[in-house]
Amino acid sequence: MKILVTGAAGFIGFHTATRLLERGDEVVGLDNLNDYYDPSLKRARLARLESHSGFRFVQMNLEDRVAMPGLFAAEKFNRVVHLGAQAGVRYSIENPLAYVDSNLVGTTLVLEGCRHSGVEHLVYASTSSVYGSHTTMPFSPHSNVDHPLSFYAATKKANELMAHTYSTLFGLPTTGLRFFTVYGPWGRPDMALFIFARNILAGKPIDVFNHGHHRRDFTYVDDIVSGVVGALDRPPVANPAWDAANPDPCTSSAPYRVYNIGNHQSVELMRYIELLETSLGRKAIKNMLPLQIGDVPATWADIDDLSRDVGYAPTTPVEVGVDRFVRWYLEYYHRT
């Protein structure tokens, strides 16, 4: 298949594009290579993708209202994996308009491109942040998620609603995946594991929010990619049992699905830090701080639906995943 992967120079996009190329798909990778974090890391990921003969790169902004329709019209993609977005809960408080441009306008242009060029299936990234103030664990995709705590989460919830309208109006099969704290080699420098490793090696303190009482469903990137590709290969169909009187938020009378994609385990942040210390062979200097605005104290994914429909089965325990990240980090940055 010819597959468009947006955000291909990003963390999950890079790993997803790699998996698709390895199985023989033709991949067009789109990214704008912005400076939200170190562009050299994005270029290093991109260089690895460009070693595959089946990969082509397009540098473009998702919100480009001329170039995006032209790309879809010219390429005639079979399927699309839309992972490009402005990420980050905290940055959305400082610069919400960046999220309007990328996550709202950009996703609209992706949906329009799929609609007008006959794309067979759109898989797109949502986030566990849509659960906001939920306290019932594990988080179920069948629950209402109308109380996000950050503008980032609100844009991702909007993406789910936007996708549903295109599935309903135009019969476009869409699958949304709510990612839960993805980590691993080639990860994002603005994520906790990356920041912690860098500071521990430099002998600097690490900021531990919520006084270390956070719990997260940490999910290794290879497991995530297995779920993304598995979902891509199984376009949704209308749910014949969908009941308008008792609507299920994650299915529809249209070809639409929303799934959680996580590790189905909630791990204490302090345990995560301990594992990192063990792999690095150094102790962290911890700066204990209160819960940040827009953040949530705990996440835990109910993945039963994705397991049933796609065969999703994460296999990487956090002990293994953290150590693999450290090995990559030390090699990439030549640290000992």
# chains A, B, ... in the order shown; residues from 1 in each chain; ligands from 1

$ select_by_dssp --residues "segment 36-148 of chain A" --states "strand (DSSP E or B)" --output "list of chain:residue names"
A:Phe55, A:Arg56, A:Phe57, A:Val58, A:Gln59, A:Arg79, A:Val80, A:Val81, A:His82, A:His121, A:Leu122, A:Val123, A:Tyr124, A:Ala125, A:Ser126, A:Thr127, A:Phe139

$ select_by_dssp --residues "segment 47-294 of chain A" --states "alpha helix (DSSP H)" --output "PyMOL selection string"
chain A and resi 47-49+67-75+91-94+96-99+106-117+151-170+192-202+221-232+269-280

$ residues_around --residues "segment 10-15 of chain A" --least-positions-apart "3" --cutoff "10 Å" --atoms "only C-alpha atoms" --output "PDB file with N, CA, C and O atoms, in the first residue's frame"
ATOM      1  N   VAL A   5       2.244   9.011   6.252  1.00  0.00           N
ATOM      2  CA  VAL A   5       2.449   9.110   7.691  1.00  0.00           C
ATOM      3  C   VAL A   5       2.782  10.560   7.999  1.00  0.00           C
ATOM      4  O   VAL A   5       3.859  11.054   7.626  1.00  0.00           O
ATOM      5  N   THR A   6       1.867  11.276   8.642  1.00  0.00           N
ATOM      6  CA  THR A   6       2.179  12.635   9.051  1.00  0.00           C
ATOM      7  C   THR A   6       2.931  12.587  10.382  1.00  0.00           C
ATOM      8  O   THR A   6       2.763  11.671  11.173  1.00  0.00           O
ATOM      9  N   GLY A   7       3.788  13.598  10.586  1.00  0.00           N
ATOM     10  CA  GLY A   7       4.640  13.567  11.771  1.00  0.00           C
ATOM     11  C   GLY A   7       5.702  12.483  11.678  1.00  0.00           C
ATOM     12  O   GLY A   7       6.133  11.932  12.694  1.00  0.00           O
ATOM     13  N   THR A  18       8.919   3.274  10.059  1.00  0.00           N
ATOM     14  CA  THR A  18       9.926   2.221   9.957  1.00  0.00           C
ATOM     15  C   THR A  18       9.276   0.843   9.856  1.00  0.00           C
ATOM     16  O   THR A  18       9.651   0.011   9.016  1.00  0.00           O
ATOM     17  N   ARG A  19       8.281   0.588  10.708  1.00  0.00           N
ATOM     18  CA  ARG A  19       7.607  -0.716  10.690  1.00  0.00           C
ATOM     19  C   ARG A  19       6.899  -0.955   9.350  1.00  0.00           C
ATOM     20  O   ARG A  19       6.952  -2.060   8.802  1.00  0.00           O
ATOM     21  N   LEU A  20       6.254   0.064   8.826  1.00  0.00           N
ATOM     22  CA  LEU A  20       5.554  -0.073   7.552  1.00  0.00           C
ATOM     23  C   LEU A  20       6.532  -0.334   6.406  1.00  0.00           C
ATOM     24  O   LEU A  20       6.275  -1.163   5.527  1.00  0.00           O
ATOM     25  N   LEU A  21       7.653   0.367   6.430  1.00  0.00           N
ATOM     26  CA  LEU A  21       8.665   0.159   5.391  1.00  0.00           C
ATOM     27  C   LEU A  21       9.251  -1.245   5.467  1.00  0.00           C
ATOM     28  O   LEU A  21       9.478  -1.899   4.439  1.00  0.00           O
ATOM     29  N   GLY A  29       6.391  10.306   4.006  1.00  0.00           N
ATOM     30  CA  GLY A  29       6.450  10.900   5.332  1.00  0.00           C
ATOM     31  C   GLY A  29       6.360  12.407   5.257  1.00  0.00           C
ATOM     32  O   GLY A  29       7.099  13.054   4.508  1.00  0.00           O
ATOM     33  N   LEU A  30       5.431  12.972   6.024  1.00  0.00           N
ATOM     34  CA  LEU A  30       5.246  14.425   6.052  1.00  0.00           C
ATOM     35  C   LEU A  30       5.637  14.951   7.423  1.00  0.00           C
ATOM     36  O   LEU A  30       5.262  14.366   8.449  1.00  0.00           O
ATOM     37  N   ASP A  31       6.379  16.050   7.439  1.00  0.00           N
ATOM     38  CA  ASP A  31       6.730  16.707   8.697  1.00  0.00           C
ATOM     39  C   ASP A  31       7.179  18.124   8.365  1.00  0.00           C
ATOM     40  O   ASP A  31       7.691  18.374   7.272  1.00  0.00           O
ATOM     41  N   ASN A  32       6.996  19.051   9.320  1.00  0.00           N
ATOM     42  CA  ASN A  32       7.481  20.409   9.068  1.00  0.00           C
ATOM     43  C   ASN A  32       8.819  20.684   9.752  1.00  0.00           C
ATOM     44  O   ASN A  32       9.392  21.760   9.596  1.00  0.00           O
ATOM     45  N   LEU A  33       9.327  19.711  10.520  1.00  0.00           N
ATOM     46  CA  LEU A  33      10.639  19.826  11.177  1.00  0.00           C
ATOM     47  C   LEU A  33      10.739  21.104  12.006  1.00  0.00           C
ATOM     48  O   LEU A  33      11.775  21.790  12.010  1.00  0.00           O
ATOM     49  N   PRO A  39      15.526  20.092  16.412  1.00  0.00           N
ATOM     50  CA  PRO A  39      15.307  19.579  15.050  1.00  0.00           C
ATOM     51  C   PRO A  39      16.376  18.579  14.607  1.00  0.00           C
ATOM     52  O   PRO A  39      16.119  17.775  13.702  1.00  0.00           O
ATOM     53  N   LEU A  41      17.441  16.015  16.190  1.00  0.00           N
ATOM     54  CA  LEU A  41      16.950  14.673  16.491  1.00  0.00           C
ATOM     55  C   LEU A  41      15.935  14.238  15.435  1.00  0.00           C
ATOM     56  O   LEU A  41      15.941  13.078  14.993  1.00  0.00           O
ATOM     57  N   LYS A  42      15.092  15.145  15.000  1.00  0.00           N
ATOM     58  CA  LYS A  42      14.129  14.830  13.950  1.00  0.00           C
ATOM     59  C   LYS A  42      14.855  14.492  12.641  1.00  0.00           C
ATOM     60  O   LYS A  42      14.469  13.556  11.934  1.00  0.00           O
ATOM     61  N   ARG A  43      15.902  15.236  12.356  1.00  0.00           N
ATOM     62  CA  ARG A  43      16.647  14.967  11.117  1.00  0.00           C
ATOM     63  C   ARG A  43      17.381  13.630  11.192  1.00  0.00           C
ATOM     64  O   ARG A  43      17.530  12.930  10.181  1.00  0.00           O
ATOM     65  N   ARG A  45      16.315  10.981  12.860  1.00  0.00           N
ATOM     66  CA  ARG A  45      15.276   9.967  12.594  1.00  0.00           C
ATOM     67  C   ARG A  45      15.006   9.887  11.095  1.00  0.00           C
ATOM     68  O   ARG A  45      14.898   8.805  10.512  1.00  0.00           O
ATOM     69  N   LEU A  46      14.868  11.067  10.483  1.00  0.00           N
ATOM     70  CA  LEU A  46      14.542  11.135   9.062  1.00  0.00           C
ATOM     71  C   LEU A  46      15.631  10.480   8.217  1.00  0.00           C
ATOM     72  O   LEU A  46      15.339   9.794   7.223  1.00  0.00           O
ATOM     73  N   ARG A  48      17.435   7.967   8.948  1.00  0.00           N
ATOM     74  CA  ARG A  48      17.273   6.516   9.003  1.00  0.00           C
ATOM     75  C   ARG A  48      16.128   6.069   8.093  1.00  0.00           C
ATOM     76  O   ARG A  48      16.201   5.035   7.430  1.00  0.00           O
ATOM     77  N   LEU A  49      15.049   6.841   8.062  1.00  0.00           N
ATOM     78  CA  LEU A  49      13.934   6.502   7.176  1.00  0.00           C
ATOM     79  C   LEU A  49      14.346   6.592   5.714  1.00  0.00           C
ATOM     80  O   LEU A  49      13.944   5.769   4.888  1.00  0.00           O
ATOM     81  N   VAL A  81      -1.896   7.489   8.159  1.00  0.00           N
ATOM     82  CA  VAL A  81      -1.653   7.463   9.600  1.00  0.00           C
ATOM     83  C   VAL A  81      -1.291   8.887   9.999  1.00  0.00           C
ATOM     84  O   VAL A  81      -0.197   9.372   9.684  1.00  0.00           O
ATOM     85  N   HIS A  82      -2.215   9.542  10.678  1.00  0.00           N
ATOM     86  CA  HIS A  82      -2.060  10.966  10.999  1.00  0.00           C
ATOM     87  C   HIS A  82      -1.555  11.109  12.437  1.00  0.00           C
ATOM     88  O   HIS A  82      -2.333  11.069  13.398  1.00  0.00           O
ATOM     89  N   LEU A  83      -0.228  11.270  12.554  1.00  0.00           N
ATOM     90  CA  LEU A  83       0.412  11.408  13.864  1.00  0.00           C
ATOM     91  C   LEU A  83       1.008  12.796  14.060  1.00  0.00           C
ATOM     92  O   LEU A  83       1.480  13.113  15.158  1.00  0.00           O
ATOM     93  N   GLY A  84       0.999  13.607  13.025  1.00  0.00           N
ATOM     94  CA  GLY A  84       1.524  14.961  13.128  1.00  0.00           C
ATOM     95  C   GLY A  84       0.587  15.830  13.954  1.00  0.00           C
ATOM     96  O   GLY A  84      -0.622  15.818  13.755  1.00  0.00           O
ATOM     97  N   ALA A  85       1.160  16.588  14.874  1.00  0.00           N
ATOM     98  CA  ALA A  85       0.364  17.455  15.743  1.00  0.00           C
ATOM     99  C   ALA A  85       1.311  18.323  16.556  1.00  0.00           C
ATOM    100  O   ALA A  85       2.495  18.015  16.688  1.00  0.00           O
ATOM    101  N   ALA A 125      -3.993  10.067  15.742  1.00  0.00           N
ATOM    102  CA  ALA A 125      -3.580  10.066  17.148  1.00  0.00           C
ATOM    103  C   ALA A 125      -4.518  10.915  17.992  1.00  0.00           C
ATOM    104  O   ALA A 125      -4.756  12.085  17.697  1.00  0.00           O
ATOM    105  N   VAL A 182       3.793   7.275  25.951  1.00  0.00           N
ATOM    106  CA  VAL A 182       4.682   6.453  25.120  1.00  0.00           C
ATOM    107  C   VAL A 182       6.140   6.834  25.417  1.00  0.00           C
ATOM    108  O   VAL A 182       6.479   8.014  25.528  1.00  0.00           O
ATOM    109  N   TYR A 183       7.002   5.828  25.531  1.00  0.00           N
ATOM    110  CA  TYR A 183       8.416   6.067  25.797  1.00  0.00           C
ATOM    111  C   TYR A 183       9.246   5.047  25.036  1.00  0.00           C
ATOM    112  O   TYR A 183       8.729   4.040  24.549  1.00  0.00           O
ATOM    113  N   GLY A 184      10.544   5.300  24.952  1.00  0.00           N
ATOM    114  CA  GLY A 184      11.442   4.358  24.293  1.00  0.00           C
ATOM    115  C   GLY A 184      12.523   5.073  23.515  1.00  0.00           C
ATOM    116  O   GLY A 184      12.628   6.310  23.535  1.00  0.00           O
ATOM    117  N   PRO A 185      13.387   4.320  22.813  1.00  0.00           N
ATOM    118  CA  PRO A 185      14.466   4.907  22.009  1.00  0.00           C
ATOM    119  C   PRO A 185      13.927   5.902  20.984  1.00  0.00           C
ATOM    120  O   PRO A 185      12.842   5.735  20.452  1.00  0.00           O
ATOM    121  N   TRP A 186      14.722   6.942  20.726  1.00  0.00           N
ATOM    122  CA  TRP A 186      14.370   8.014  19.800  1.00  0.00           C
ATOM    123  C   TRP A 186      13.203   8.860  20.319  1.00  0.00           C
ATOM    124  O   TRP A 186      12.502   9.514  19.550  1.00  0.00           O
ATOM    125  N   GLY A 187      12.998   8.858  21.639  1.00  0.00           N
ATOM    126  CA  GLY A 187      11.870   9.567  22.233  1.00  0.00           C
ATOM    127  C   GLY A 187      12.003  11.083  22.174  1.00  0.00           C
ATOM    128  O   GLY A 187      13.015  11.636  21.733  1.00  0.00           O
ATOM    129  N   ARG A 188      10.945  11.747  22.654  1.00  0.00           N
ATOM    130  CA  ARG A 188      10.889  13.206  22.614  1.00  0.00           C
ATOM    131  C   ARG A 188      11.654  13.813  23.797  1.00  0.00           C
ATOM    132  O   ARG A 188      11.445  13.414  24.943  1.00  0.00           O
ATOM    133  N   PRO A 189      12.497  14.832  23.532  1.00  0.00           N
ATOM    134  CA  PRO A 189      13.264  15.455  24.615  1.00  0.00           C
ATOM    135  C   PRO A 189      12.430  16.226  25.628  1.00  0.00           C
ATOM    136  O   PRO A 189      12.938  16.576  26.686  1.00  0.00           O
ATOM    137  N   VAL A 221       7.307   2.008  22.963  1.00  0.00           N
ATOM    138  CA  VAL A 221       6.959   2.451  21.613  1.00  0.00           C
ATOM    139  C   VAL A 221       6.751   1.290  20.644  1.00  0.00           C
ATOM    140  O   VAL A 221       5.872   1.351  19.766  1.00  0.00           O
ATOM    141  N   ASP A 222       7.514   0.200  20.755  1.00  0.00           N
ATOM    142  CA  ASP A 222       7.310  -0.931  19.839  1.00  0.00           C
ATOM    143  C   ASP A 222       5.931  -1.545  19.999  1.00  0.00           C
ATOM    144  O   ASP A 222       5.317  -1.993  19.017  1.00  0.00           O
ATOM    145  N   ILE A 224       3.279   0.145  21.015  1.00  0.00           N
ATOM    146  CA  ILE A 224       2.386   1.137  20.413  1.00  0.00           C
ATOM    147  C   ILE A 224       2.305   0.949  18.901  1.00  0.00           C
ATOM    148  O   ILE A 224       1.217   0.929  18.306  1.00  0.00           O
ATOM    149  N   VAL A 225       3.452   0.791  18.267  1.00  0.00           N
ATOM    150  CA  VAL A 225       3.488   0.666  16.803  1.00  0.00           C
ATOM    151  C   VAL A 225       2.737  -0.586  16.351  1.00  0.00           C
ATOM    152  O   VAL A 225       2.031  -0.565  15.327  1.00  0.00           O
ATOM    153  N   SER A 226       2.867  -1.664  17.104  1.00  0.00           N
ATOM    154  CA  SER A 226       2.109  -2.875  16.753  1.00  0.00           C
ATOM    155  C   SER A 226       0.618  -2.595  16.742  1.00  0.00           C
ATOM    156  O   SER A 226      -0.118  -3.071  15.870  1.00  0.00           O
ATOM    157  N   VAL A 228      -0.810   0.448  16.293  1.00  0.00           N
ATOM    158  CA  VAL A 228      -1.119   1.387  15.212  1.00  0.00           C
ATOM    159  C   VAL A 228      -1.237   0.645  13.882  1.00  0.00           C
ATOM    160  O   VAL A 228      -2.204   0.822  13.124  1.00  0.00           O
TER     161      VAL A 228
END

$ residues_around --residues "Arg23 of chain A" --least-positions-apart "4" --cutoff "12 Å" --atoms "only C-alpha atoms" --output "PyMOL selection string"
chain A and resi 1+16-19+27+52+54+229

$ residues_around --residues "Ser252 of chain A" --least-positions-apart "6" --cutoff "12 Å" --atoms "only C-alpha atoms" --output "list in words"
His142, Glu160, Leu161, Ala163, His164, Thr165, Ser167, Thr168, Gly171, Pro173, Thr174, Thr175, Pro236, Val237, Ala238, Asn239, Pro240, Ala241, Trp242, Asp243, Ala244, Asn246 and Val258 of chain A

$ write_last_selection --atoms "C-alpha atoms" --output "PDB file, in the first residue's frame"
ATOM      1  CA  HIS A 142     -16.844   3.859  26.495  1.00  0.00           C
ATOM      2  CA  GLU A 160     -12.327  12.608  17.493  1.00  0.00           C
ATOM      3  CA  LEU A 161     -15.552  14.547  16.899  1.00  0.00           C
ATOM      4  CA  ALA A 163     -13.420  12.328  12.443  1.00  0.00           C
ATOM      5  CA  HIS A 164     -16.875  11.108  13.418  1.00  0.00           C
ATOM      6  CA  THR A 165     -18.559  13.692  11.212  1.00  0.00           C
ATOM      7  CA  SER A 167     -17.234   8.954   8.908  1.00  0.00           C
ATOM      8  CA  THR A 168     -20.934   9.801   9.123  1.00  0.00           C
ATOM      9  CA  GLY A 171     -18.407   7.053   4.853  1.00  0.00           C
ATOM     10  CA  PRO A 173     -13.479   4.818   7.903  1.00  0.00           C
ATOM     11  CA  THR A 174     -11.628   6.481  10.804  1.00  0.00           C
ATOM     12  CA  THR A 175      -9.877   5.044  13.859  1.00  0.00           C
ATOM     13  CA  PRO A 236     -13.790  -0.102  11.060  1.00  0.00           C
ATOM     14  CA  VAL A 237     -17.333  -0.792   9.946  1.00  0.00           C
ATOM     15  CA  ALA A 238     -20.596   0.526  11.320  1.00  0.00           C
ATOM     16  CA  ASN A 239     -21.589  -0.982  14.655  1.00  0.00           C
ATOM     17  CA  PRO A 240     -24.954  -2.708  14.005  1.00  0.00           C
ATOM     18  CA  ALA A 241     -25.720  -2.715  17.739  1.00  0.00           C
ATOM     19  CA  TRP A 242     -25.177   1.030  18.182  1.00  0.00           C
ATOM     20  CA  ASP A 243     -28.132   2.544  20.029  1.00  0.00           C
ATOM     21  CA  ALA A 244     -28.921   6.235  19.579  1.00  0.00           C
ATOM     22  CA  ASN A 246     -27.823   4.978  24.712  1.00  0.00           C
ATOM     23  CA  VAL A 258     -11.878   5.133  19.147  1.00  0.00           C
TER      24      VAL A 258
END

$ closest_residue --among "A:Gly321, A:Pro138, A:Pro290, A:Gly70" --to "Val208 of chain A" --atoms "only C-alpha atoms"
A:Pro290

$ closest_residue --among "A:Arg308, A:Arg198, A:His211, A:Arg234" --to "Met270 of chain A" --atoms "only C-alpha atoms"
A:His211

$ residues_around --residues "Arg324 of chain A" --least-positions-apart "4" --cutoff "10 Å" --atoms "only C-alpha atoms" --output "list in words"
Gly184, Pro185, Tyr220, Ser279, Val318, Glu319, Val320, Trp328 and Tyr329 of chain A

$ closest_residue --among "A:Ala44, A:Met137, A:Leu109, A:Ala67" --to "His264 of chain A" --atoms "only C-alpha atoms"
A:Met137

$ closest_residue --among "A:His214, A:Pro317, A:Tyr36, A:Phe180" --to "Asn95 of chain A" --atoms "only C-alpha atoms"
A:Tyr36

$ closest_residue --among "A:Leu149, A:Ala9, A:Ala73, A:Val100" --to "Val58 of chain A" --atoms "only C-alpha atoms"
A:Ala9

$ atom_distance --atom1 "atom CA of Val267 of chain A" --atom2 "atom CA of Tyr91 of chain A"
24.6 Å

$ residues_around --residues "Lys286 of chain A" --least-positions-apart "5" --cutoff "8 Å" --atoms "only C-alpha atoms" --output "list in words"
Pro205, Ile206, Asp207 and Val208 of chain A

$ closest_residue --among "A:Ile303, A:Ala298, A:Val119, A:Leu97" --to "His134 of chain A" --atoms "only C-alpha atoms"
A:Ala298

$ atom_distance --atom1 "atom CA of Pro255 of chain A" --atom2 "atom CA of Pro141 of chain A"
16.3 Å
